[in-house]
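What follows is the content of structure-v3.csv (CSV, C-alpha atoms and all ligand atoms).
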```
chain,number,residue,atom,x,y,z
B,696,MET,CA,-128.5,190.9,119.2
B,697,ARG,CA,-125.9,193.4,120.2
B,698,ARG,CA,-128.2,194.5,123.1
B,699,ARG,CA,-128.0,191.0,124.5
B,700,GLY,CA,-124.2,191.2,124.6
B,701,LEU,CA,-124.5,194.5,126.4
B,702,TYR,CA,-127.0,192.9,128.8
B,703,ALA,CA,-124.5,190.1,129.5
B,704,LEU,CA,-121.7,192.7,130.1
B,705,VAL,CA,-123.9,194.8,132.5
B,706,ALA,CA,-125.1,191.7,134.3
B,707,SER,CA,-121.5,190.5,134.7
B,708,ALA,CA,-120.5,193.9,136.2
B,709,LEU,CA,-123.4,193.6,138.6
B,710,VAL,CA,-122.4,190.2,139.7
B,711,VAL,CA,-118.8,191.5,140.3
B,712,ALA,CA,-120.2,194.4,142.3
B,713,MET,CA,-122.6,192.3,144.4
B,714,LEU,CA,-120.2,189.5,145.3
B,715,GLY,CA,-117.6,191.8,146.7
B,716,SER,CA,-114.9,189.2,146.6
B,717,ALA,CA,-112.9,189.9,143.5
B,718,SER,CA,-111.4,186.5,143.0
B,719,LEU,CA,-114.8,184.7,143.6
B,720,ALA,CA,-116.4,187.2,141.2
B,721,ALA,CA,-113.7,186.6,138.6
B,722,ALA,CA,-114.3,182.9,138.8
B,723,LYS,CA,-118.0,183.3,138.4
B,724,VAL,CA,-117.7,185.7,135.5
B,725,HIS,CA,-115.2,183.4,133.9
B,726,ARG,CA,-117.9,180.6,134.1
B,727,LEU,CA,-120.1,182.9,132.0
B,728,PHE,CA,-117.9,182.7,129.0
B,729,GLU,CA,-116.2,179.3,129.4
B,730,PRO,CA,-117.4,176.7,128.9
B,731,ALA,CA,-119.9,178.0,126.4
B,732,PRO,CA,-123.5,177.0,126.9
B,733,GLU,CA,-124.3,173.7,125.3
B,734,ARG,CA,-125.2,174.0,121.7
B,735,VAL,CA,-128.4,172.4,120.4
B,736,PRO,CA,-127.6,169.3,118.4
B,737,THR,CA,-127.9,169.7,114.6
B,738,GLY,CA,-128.6,166.1,113.8
B,739,LEU,CA,-130.8,163.2,115.1
B,740,GLN,CA,-131.5,159.6,114.5
B,741,VAL,CA,-134.9,158.3,113.5
B,742,ASP,CA,-136.1,154.8,113.9
B,743,GLU,CA,-138.8,153.5,111.7
B,744,ASP,CA,-140.9,150.4,112.3
B,745,GLU,CA,-144.4,149.0,111.8
B,746,TRP,CA,-145.9,151.4,112.6
B,747,SER,CA,-143.9,154.2,114.2
B,748,VAL,CA,-141.5,157.0,113.4
B,749,THR,CA,-139.4,157.7,116.5
B,750,PRO,CA,-136.9,160.6,116.6
B,751,SER,CA,-133.9,160.3,119.0
B,752,ARG,CA,-134.5,163.9,120.1
B,753,VAL,CA,-137.2,166.4,119.5
B,754,THR,CA,-135.3,169.7,119.6
B,755,VAL,CA,-132.7,170.4,117.0
B,756,ALA,CA,-131.1,173.4,115.3
B,757,ALA,CA,-129.7,173.9,111.8
B,758,ASP,CA,-126.0,173.2,111.2
B,759,PRO,CA,-123.7,176.0,109.9
B,760,THR,CA,-124.8,175.2,106.3
B,761,GLY,CA,-128.4,175.7,107.4
B,762,GLN,CA,-129.5,172.1,107.4
B,763,VAL,CA,-130.8,169.5,109.9
B,764,ASN,CA,-129.2,166.1,109.5
B,765,PHE,CA,-131.3,163.0,109.8
B,766,SER,CA,-129.9,159.5,110.1
B,767,ILE,CA,-132.7,157.1,109.5
B,768,PHE,CA,-132.9,153.4,110.3
B,769,ASN,CA,-135.7,151.2,109.0
B,770,ARG,CA,-135.9,148.6,111.8
B,771,GLY,CA,-139.1,147.1,110.3
B,772,GLU,CA,-139.8,144.2,108.0
B,773,ASP,CA,-141.4,146.2,105.2
B,774,ASP,CA,-140.3,148.9,102.9
B,775,HIS,CA,-140.7,152.4,104.2
B,776,ASP,CA,-139.5,155.9,103.3
B,777,PHE,CA,-138.7,158.9,105.4
B,778,ALA,CA,-140.2,162.3,104.5
B,779,VAL,CA,-140.0,165.8,105.8
B,780,LEU,CA,-141.1,169.2,104.3
B,781,ASP,CA,-138.2,171.6,103.7
B,782,ALA,CA,-138.4,175.3,104.3
B,783,GLN,CA,-139.7,175.8,100.8
B,784,GLY,CA,-142.6,173.4,101.4
B,785,GLN,CA,-141.1,170.7,99.2
B,786,VAL,CA,-141.3,167.1,100.3
B,787,ARG,CA,-137.7,165.7,100.8
B,788,LYS,CA,-137.6,161.9,101.2
B,789,ILE,CA,-135.5,158.9,101.1
B,790,ASP,CA,-136.6,155.3,100.5
B,791,LEU,CA,-135.5,152.6,103.0
B,792,GLY,CA,-135.8,148.9,102.5
B,793,PRO,CA,-136.1,146.6,105.5
B,794,GLY,CA,-133.0,147.0,107.7
B,795,ALA,CA,-131.7,149.8,105.6
B,796,ARG,CA,-130.0,153.0,106.9
B,797,GLY,CA,-130.0,156.3,105.1
B,798,ASP,CA,-129.0,160.0,105.6
B,799,LEU,CA,-131.0,163.0,104.7
B,800,ALA,CA,-130.1,166.7,105.2
B,801,ALA,CA,-132.7,169.4,104.8
B,802,ALA,CA,-133.2,173.1,105.5
B,803,LEU,CA,-136.3,173.2,107.7
B,804,ALA,CA,-138.6,176.0,108.8
B,805,PRO,CA,-138.3,177.0,112.4
B,806,GLY,CA,-140.9,175.5,114.8
B,807,GLN,CA,-142.6,172.1,114.7
B,808,ASN,CA,-141.9,169.9,111.7
B,809,LYS,CA,-143.6,166.7,110.8
B,810,ILE,CA,-141.5,163.6,109.9
B,811,TRP,CA,-143.4,160.7,108.4
B,812,CYS,CA,-143.4,157.7,106.1
B,813,ASN,CA,-144.9,158.8,102.8
B,814,LEU,CA,-145.9,155.3,101.6
B,815,PRO,CA,-149.7,155.0,101.1
B,816,GLY,CA,-151.5,154.4,104.4
B,817,HIS,CA,-148.4,154.3,106.5
B,818,GLU,CA,-148.8,157.7,108.2
B,819,ALA,CA,-152.4,156.8,109.1
B,820,LEU,CA,-151.1,153.6,110.7
B,821,GLY,CA,-148.9,155.7,113.0
B,822,MET,CA,-145.7,156.3,111.0
B,823,VAL,CA,-145.5,160.0,111.9
B,824,GLY,CA,-143.6,162.0,114.4
B,825,TYR,CA,-142.7,165.6,115.2
B,826,ILE,CA,-139.5,167.6,115.9
B,827,THR,CA,-139.0,171.2,116.8
B,828,VAL,CA,-136.4,173.3,115.0
B,829,VAL,CA,-135.0,176.1,117.1
B,830,ASP,CA,-132.5,178.9,116.2
B,831,GLN,CA,-129.0,178.0,117.5
B,832,TYR,CA,-128.1,181.6,118.2
B,833,ASP,CA,-131.3,182.3,120.2
B,834,ALA,CA,-131.0,179.0,122.1
B,835,VAL,CA,-127.4,179.8,123.2
B,836,TYR,CA,-128.2,183.3,124.3
B,837,ALA,CA,-131.3,182.1,126.1
B,838,ALA,CA,-129.0,179.7,128.0
B,839,TRP,CA,-126.6,182.6,128.8
B,840,GLU,CA,-129.5,184.7,130.1
B,841,ALA,CA,-130.8,181.9,132.2
B,842,GLU,CA,-127.3,181.4,133.7
B,843,ILE,CA,-127.0,185.2,134.5
B,844,GLU,CA,-130.4,185.2,136.2
B,845,ARG,CA,-129.4,182.1,138.2
B,846,MET,CA,-126.1,183.8,139.3
B,847,LEU,CA,-127.9,187.1,140.2
B,848,GLY,CA,-130.4,185.1,142.2
B,849,ARG,CA,-127.7,183.3,144.1
B,850,ALA,CA,-125.8,186.6,144.7
B,851,GLN,CA,-128.7,188.3,146.4
V,1,CU,CU,-143.8,153.1,106.0
```

Can you dump the structure from the file as structure tokens?
Ligand SMILES: [Cu+2]
Amino acid sequence: MRRRGLYALVASALVVAMLGSASLAAAKVHRLFEPAPERVPTGLQVDEDEWSVTPSRVTVAADPTGQVNFSIFNRGEDDHDFAVLDAQGQVRKIDLGPGARGDLAAALAPGQNKIWCNLPGHEALGMVGYITVVDQYDAVYAAWEAEIERMLGRAQ
């Protein structure tokens, strides 16, 4: 990861050299570091209904405690639950009566994660969805690198 920081530093120096105008370059380099690239949200809302499970966003990252935070709303007329597999492969779930809201925090494996209603037959009826868990650090540095590439492209 230290190499990425070095890359950012070298790229910044390149931008300064290529732009020629010190003040303009300073402004552009400043933009590299402030504001910081947007962080990936660490929580999401999930709507459940007959028969769907709908996440408010599909890409999330763990919070500083290592957990993804779900806020679930059963908008349906029947009982449902909300289930997700944690990083240890254990089912984590919360029961939700009609109109009920609930929160669940779980440490999830990176990559695609299934979220579903674990009541018998409900998944087969459509109560299933997917989210993708990304690494916050990698995502922020990817955004930085993309910004550097964009700036270098503009400077040429
Ligand atoms: Cu259900």

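The spacing separating CA of Arg796 (chain B) from CA of Ile810 (chain B) amounts to 15.9 Å.
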
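Residues in contact with region 753-763 of chain B at 8 Å, where only C-alpha atoms are counted and same-chain residues fewer than 4 positions away are skipped, are listed as Val735, Pro736, Thr737, Gly738, Leu739, Ala800, Ala801, Ala802, Leu803, Tyr825, Ile826, Thr827, Val828, Val829, Asp830 and Gln831 of chain B.
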
key: Expected selection as a ChimeraX atom specification for ligand CU 1 (chain V) within 6 Å, all atoms listed in the file   = /B:775-776,812,814,817

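Compared by their closest atoms to Trp746 (chain B), and using only C-alpha atoms, the residues B:Pro815, B:Gly821, B:Gly784, B:Gly848 rank with B:Gly821 nearest.
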
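Shortest separation to Trp811 (chain B) among B:Leu791, B:Val741, B:Val779, B:Ala834 occurs at residue B:Val779, atoms counted being all atoms listed in the file.
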
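A straight line drawn from CA of Asp798 (chain B) to CA of Gly816 (chain B) is 23.2 Å long.
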
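Between CA of Glu733 (chain B) and CA of Ser766 (chain B) the separation is 21.5 Å.
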
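Of the residues listed (B:Ser747, B:Asn764, B:Asn813, B:Asn808), B:Asn808 shows the shortest atom-to-atom separation from Asp781 (chain B); distances use only C-alpha atoms.
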
Repaired coordinates for region 828-843 of chain B (N, CA, C and O atoms) as a PDB file, in the frame of the given file:
```pdb
ATOM      1  N   VAL B 828    -137.599 172.653 115.425  1.00  0.00           N
ATOM      2  CA  VAL B 828    -136.400 173.300 115.000  1.00  0.00           C
ATOM      3  C   VAL B 828    -136.263 174.663 115.650  1.00  0.00           C
ATOM      4  O   VAL B 828    -137.168 175.495 115.512  1.00  0.00           O
ATOM      5  N   VAL B 829    -135.176 174.865 116.390  1.00  0.00           N
ATOM      6  CA  VAL B 829    -135.000 176.100 117.100  1.00  0.00           C
ATOM      7  C   VAL B 829    -133.751 176.840 116.450  1.00  0.00           C
ATOM      8  O   VAL B 829    -132.939 176.218 115.759  1.00  0.00           O
ATOM      9  N   ASP B 830    -133.648 178.139 116.710  1.00  0.00           N
ATOM     10  CA  ASP B 830    -132.500 178.900 116.200  1.00  0.00           C
ATOM     11  C   ASP B 830    -131.338 178.731 117.196  1.00  0.00           C
ATOM     12  O   ASP B 830    -131.472 178.984 118.390  1.00  0.00           O
ATOM     13  N   GLN B 831    -130.214 178.266 116.671  1.00  0.00           N
ATOM     14  CA  GLN B 831    -129.000 178.000 117.500  1.00  0.00           C
ATOM     15  C   GLN B 831    -128.599 179.212 118.306  1.00  0.00           C
ATOM     16  O   GLN B 831    -128.336 179.136 119.507  1.00  0.00           O
ATOM     17  N   TYR B 832    -128.543 180.349 117.623  1.00  0.00           N
ATOM     18  CA  TYR B 832    -128.100 181.600 118.200  1.00  0.00           C
ATOM     19  C   TYR B 832    -129.008 181.983 119.402  1.00  0.00           C
ATOM     20  O   TYR B 832    -128.563 182.275 120.508  1.00  0.00           O
ATOM     21  N   ASP B 833    -130.308 181.968 119.150  1.00  0.00           N
ATOM     22  CA  ASP B 833    -131.300 182.300 120.200  1.00  0.00           C
ATOM     23  C   ASP B 833    -131.176 181.345 121.364  1.00  0.00           C
ATOM     24  O   ASP B 833    -131.270 181.745 122.528  1.00  0.00           O
ATOM     25  N   ALA B 834    -130.999 180.056 121.061  1.00  0.00           N
ATOM     26  CA  ALA B 834    -131.000 179.000 122.100  1.00  0.00           C
ATOM     27  C   ALA B 834    -129.746 179.251 123.016  1.00  0.00           C
ATOM     28  O   ALA B 834    -129.835 179.159 124.241  1.00  0.00           O
ATOM     29  N   VAL B 835    -128.579 179.556 122.407  1.00  0.00           N
ATOM     30  CA  VAL B 835    -127.400 179.800 123.200  1.00  0.00           C
ATOM     31  C   VAL B 835    -127.511 181.004 124.058  1.00  0.00           C
ATOM     32  O   VAL B 835    -127.174 180.998 125.243  1.00  0.00           O
ATOM     33  N   TYR B 836    -128.061 182.086 123.495  1.00  0.00           N
ATOM     34  CA  TYR B 836    -128.200 183.300 124.300  1.00  0.00           C
ATOM     35  C   TYR B 836    -129.265 183.144 125.382  1.00  0.00           C
ATOM     36  O   TYR B 836    -129.119 183.693 126.475  1.00  0.00           O
ATOM     37  N   ALA B 837    -130.291 182.345 125.111  1.00  0.00           N
ATOM     38  CA  ALA B 837    -131.300 182.100 126.100  1.00  0.00           C
ATOM     39  C   ALA B 837    -130.622 181.338 127.310  1.00  0.00           C
ATOM     40  O   ALA B 837    -130.900 181.618 128.483  1.00  0.00           O
ATOM     41  N   ALA B 838    -129.716 180.421 126.998  1.00  0.00           N
ATOM     42  CA  ALA B 838    -129.000 179.700 128.000  1.00  0.00           C
ATOM     43  C   ALA B 838    -128.109 180.638 128.847  1.00  0.00           C
ATOM     44  O   ALA B 838    -128.028 180.543 130.074  1.00  0.00           O
ATOM     45  N   TRP B 839    -127.458 181.566 128.157  1.00  0.00           N
ATOM     46  CA  TRP B 839    -126.600 182.600 128.800  1.00  0.00           C
ATOM     47  C   TRP B 839    -127.475 183.419 129.769  1.00  0.00           C
ATOM     48  O   TRP B 839    -127.114 183.677 130.911  1.00  0.00           O
ATOM     49  N   GLU B 840    -128.603 183.870 129.273  1.00  0.00           N
ATOM     50  CA  GLU B 840    -129.500 184.700 130.100  1.00  0.00           C
ATOM     51  C   GLU B 840    -129.974 183.998 131.310  1.00  0.00           C
ATOM     52  O   GLU B 840    -130.036 184.554 132.403  1.00  0.00           O
ATOM     53  N   ALA B 841    -130.331 182.716 131.119  1.00  0.00           N
ATOM     54  CA  ALA B 841    -130.800 181.900 132.200  1.00  0.00           C
ATOM     55  C   ALA B 841    -129.696 181.778 133.288  1.00  0.00           C
ATOM     56  O   ALA B 841    -129.946 181.854 134.492  1.00  0.00           O
ATOM     57  N   GLU B 842    -128.465 181.588 132.810  1.00  0.00           N
ATOM     58  CA  GLU B 842    -127.300 181.400 133.700  1.00  0.00           C
ATOM     59  C   GLU B 842    -127.086 182.753 134.481  1.00  0.00           C
ATOM     60  O   GLU B 842    -126.822 182.753 135.683  1.00  0.00           O
ATOM     61  N   ILE B 843    -127.206 183.873 133.792  1.00  0.00           N
ATOM     62  CA  ILE B 843    -127.000 185.200 134.500  1.00  0.00           C
ATOM     63  C   ILE B 843    -128.103 185.360 135.523  1.00  0.00           C
ATOM     64  O   ILE B 843    -127.801 185.768 136.661  1.00  0.00           O
TER      65      ILE B 843
END
```
